[in-house]
Protein chains: 2
Amino acid sequence: MVEFNTRGYDATSMEDLSRAAGITKSSFYHHFASKEALLRAGLQVALDGLFEVLDHPDANAGSPAQRLRYIVAAQVAVLQRELPYVTLLLRVRGNTETERWALEQRRAFDGRVSALVGDAVAAGELRSGLDPTLAARLLSGLVNSVAEWYRPGRPGGAAVPDAVADAVFAGILPAS
Amino acid sequence: MVEFNTRGYDATSMEDLSRAAGITKSSFYHHFASKEALLRAGLQVALDGLFEVLDHPDANAGSPAQRLRYIVAAQVAVLQRELPYVTLLLRVRGNTETERWALEQRRAFDGRVSALVGDAVAAGELRSGLDPTLAARLLSGLVNSVAEWYRPGRPGGAAVPDAVADAVFAGILPAS
DNA sequence: GTCTATAAATCGATAGAC
DNA sequence: GTCTATCGATTTATAGAC
């Protein structure tokens with residue numbers, strides 16, 4: 001499944017996957033009904049991890065800004081823990097029915113976070129004049145971009161979620 | 001070429017492209033030597049746009065933070081102007097020789113920006129204790145994520161570069 | 001510069017023996 | 001549960017007529 005991560009879903013053939021598993025292509029089809037079923041299973045892992053973040057008590061207690069901070073850090077942690085699957089999800093374009101389903105789920109997650117940003121702005125917890133829609137989009141982009149450079153096993157990985165949350169709430173490049 | 005944007009490079013066949021151009025696949029091959037040549041031409045457009053940003057006078061005058069702010073806004077503007085090509089570049093994974101070349105060029109661009117972040121930190125213009133490497137990575141991720149939601153022709157597009165630069169330098173979600 | 005026709009390779013997936 | 005063999009569709013790309 002990691003092959004999807006490095007070469008991309010389309011560019012990875014079932015023969016690539018079966019060879020990596022040490023069996024022939026036909027044997028591989030004994031374990032998975034189709035390539036799309038394999039994709040769906042991977043996307044489900046990523047989506048389960050993300051929605052568990054929203055169900056966590058810390059995501060539903062305290063001020064909007066406090067809840068938002070927990071979600072940002074936890075979302076990064078999920079991205080690290082399920083990197084191949086989250087990467088798969090982030091690259092979905094919506095060409096097939098399975099991909100459209102995943103896109104819809106992902107939008108639901110982003111919508112929940114976006115609404116929370118709106119709540120925090122309405123509560124006066126964030127910068128005044130902040131456009132909640134733009135802020136939520138940039139926030140999503142920043143968090144998900146961790147998948148572009150984070151690689152498991154390297155030292156310092158455990159500090160990434162908090163460091164990202166700090167950058168978001170104290171500013172990426174603030175003058176003071 | 002916009003087809004690469006919506007369906008992805010691998011999932012878009014030469015027949016898809018030729019049909020969109022209103023000619024047959026064979027006629028299409030009269031204009032482009034290969035699918036990879038088409039990809040390379042598109043990637044070149046994106047890279048030319050990005051490096052022109054670094055060559056602009058405003059990217060080489062003033063304090064590091066001032067130069068950085070110009071680059072962020074100008075990079076977003078290039079992304080908007082050459083959306084299909086920049087999108088193509090952002091999705092390159094390095095499977096072929098052409099893709100590895102593009103990745104190398106992109107890393108060179110990011111390296112220049114990253115060095116500038118380091119200069120700004122060293123000059124005391126940014127938050128103390130800021131990790132320049134992490135900040136540069138998140139900055140890159142945030143800027144490039146505009147390609148995920150920006151669509152040409154919609155009102156308010158001209159304000160996006162400044163709005164993104166504001167979010168970066170005043171904070172995405174700052175408390176004050 | 002566009003077309004029909006086709007080559008050569010690869011794809012996802014299946015049949016059927018063991 | 002794994003294998004060899006193959007199907008049928010699709011892919012990039014070319015040959016050659018007009």
# chains A, B, ... in the order shown; residues from 1 in each chain; ligands from 1
call {"tool": "interface_residues", "arguments": {"of": "chain C", "to": "chain B", "cutoff": "10 Å", "atoms": "only C-alpha atoms (C1' of nucleotides)", "output": "list of chain:residue names"}}
result
C:DG1, C:DT2, C:DC3, C:DT4
call {"tool": "residues_around", "arguments": {"residues": "DC11 of chain C", "least_positions_apart": "5", "cutoff": "12 Å", "atoms": "only C-alpha atoms (C1' of nucleotides)", "output": "ChimeraX atom specification"}}
result
/A:10-16,35 /D:7-11
call {"tool": "interface_residues", "arguments": {"of": "chain B", "to": "chain A", "cutoff": "6 Å", "atoms": "only C-alpha atoms", "output": "PDB file with N, CA and C atoms, in the first residue's frame"}}
result
ATOM      1  N   GLU B 125      13.916  39.860  12.422  1.00  0.00           N
ATOM      2  CA  GLU B 125      12.666  40.421  11.917  1.00  0.00           C
ATOM      3  C   GLU B 125      11.461  39.535  12.202  1.00  0.00           C
ATOM      4  N   LEU B 126      11.720  38.282  12.503  1.00  0.00           N
ATOM      5  CA  LEU B 126      10.608  37.364  12.749  1.00  0.00           C
ATOM      6  C   LEU B 126      10.591  36.930  14.209  1.00  0.00           C
ATOM      7  N   ARG B 127       9.585  36.166  14.549  1.00  0.00           N
ATOM      8  CA  ARG B 127       9.413  35.689  15.918  1.00  0.00           C
ATOM      9  C   ARG B 127      10.687  34.986  16.392  1.00  0.00           C
ATOM     10  N   ALA B 135       9.162  26.673   9.475  1.00  0.00           N
ATOM     11  CA  ALA B 135       8.398  27.827   8.997  1.00  0.00           C
ATOM     12  C   ALA B 135       8.377  27.878   7.474  1.00  0.00           C
ATOM     13  N   LEU B 138       6.033  25.087   6.137  1.00  0.00           N
ATOM     14  CA  LEU B 138       4.613  25.400   6.315  1.00  0.00           C
ATOM     15  C   LEU B 138       4.202  26.551   5.411  1.00  0.00           C
ATOM     16  N   GLY B 141       3.712  25.125   2.013  1.00  0.00           N
ATOM     17  CA  GLY B 141       2.464  24.357   1.979  1.00  0.00           C
ATOM     18  C   GLY B 141       1.242  25.250   1.947  1.00  0.00           C
ATOM     19  N   LEU B 142       1.282  26.300   2.735  1.00  0.00           N
ATOM     20  CA  LEU B 142       0.146  27.220   2.776  1.00  0.00           C
ATOM     21  C   LEU B 142      -0.049  27.924   1.438  1.00  0.00           C
ATOM     22  N   SER B 145      -1.253  25.592  -1.315  1.00  0.00           N
ATOM     23  CA  SER B 145      -2.598  25.048  -1.113  1.00  0.00           C
ATOM     24  C   SER B 145      -3.672  25.929  -1.752  1.00  0.00           C
ATOM     25  N   PHE B 169       1.828  36.895   7.450  1.00  0.00           N
ATOM     26  CA  PHE B 169       2.622  37.808   8.274  1.00  0.00           C
ATOM     27  C   PHE B 169       1.890  38.335   9.500  1.00  0.00           C
ATOM     28  N   ALA B 170       0.568  38.322   9.459  1.00  0.00           N
ATOM     29  CA  ALA B 170      -0.182  38.719  10.652  1.00  0.00           C
ATOM     30  C   ALA B 170      -0.670  37.489  11.406  1.00  0.00           C
ATOM     31  N   GLY B 171      -0.568  36.323  10.770  1.00  0.00           N
ATOM     32  CA  GLY B 171      -0.999  35.085  11.412  1.00  0.00           C
ATOM     33  C   GLY B 171      -2.291  34.574  10.807  1.00  0.00           C
ATOM     34  N   ILE B 172      -2.374  33.250  10.664  1.00  0.00           N
ATOM     35  CA  ILE B 172      -3.614  32.669  10.148  1.00  0.00           C
ATOM     36  C   ILE B 172      -4.698  32.783  11.210  1.00  0.00           C
ATOM     37  N   LEU B 173      -4.346  32.363  12.406  1.00  0.00           N
ATOM     38  CA  LEU B 173      -5.310  32.350  13.508  1.00  0.00           C
ATOM     39  C   LEU B 173      -4.691  32.962  14.753  1.00  0.00           C
ATOM     40  N   PRO B 174      -4.299  34.222  14.705  1.00  0.00           N
ATOM     41  CA  PRO B 174      -3.659  34.826  15.871  1.00  0.00           C
ATOM     42  C   PRO B 174      -4.715  35.335  16.846  1.00  0.00           C
ATOM     43  N   ALA B 175      -4.370  35.249  18.121  1.00  0.00           N
ATOM     44  CA  ALA B 175      -5.337  35.669  19.139  1.00  0.00           C
ATOM     45  C   ALA B 175      -5.544  37.174  19.125  1.00  0.00           C
ATOM     46  N   SER B 176      -4.548  37.897  18.697  1.00  0.00           N
ATOM     47  CA  SER B 176      -4.709  39.357  18.648  1.00  0.00           C
ATOM     48  C   SER B 176      -3.924  39.932  17.490  1.00  0.00           C
TER      49      SER B 176
END
call {"tool": "interface_residues", "arguments": {"of": "chain D", "to": "chain B", "cutoff": "12 Å", "atoms": "only C-alpha atoms (C1' of nucleotides)", "output": "ChimeraX atom specification"}}
result
/D:10-16
call {"tool": "atom_distance", "arguments": {"atom1": "atom CA of Thr96 of chain A", "atom2": "atom CA of Glu36 of chain A"}}
result
9.0 Å
call {"tool": "atom_distance", "arguments": {"atom1": "atom CA of Val86 of chain B", "atom2": "atom CA of Leu43 of chain B"}}
result
7.3 Å
call {"tool": "atom_distance", "arguments": {"atom1": "atom CA of Met1 of chain A", "atom2": "atom CA of Trp101 of chain B"}}
result
25.9 Å
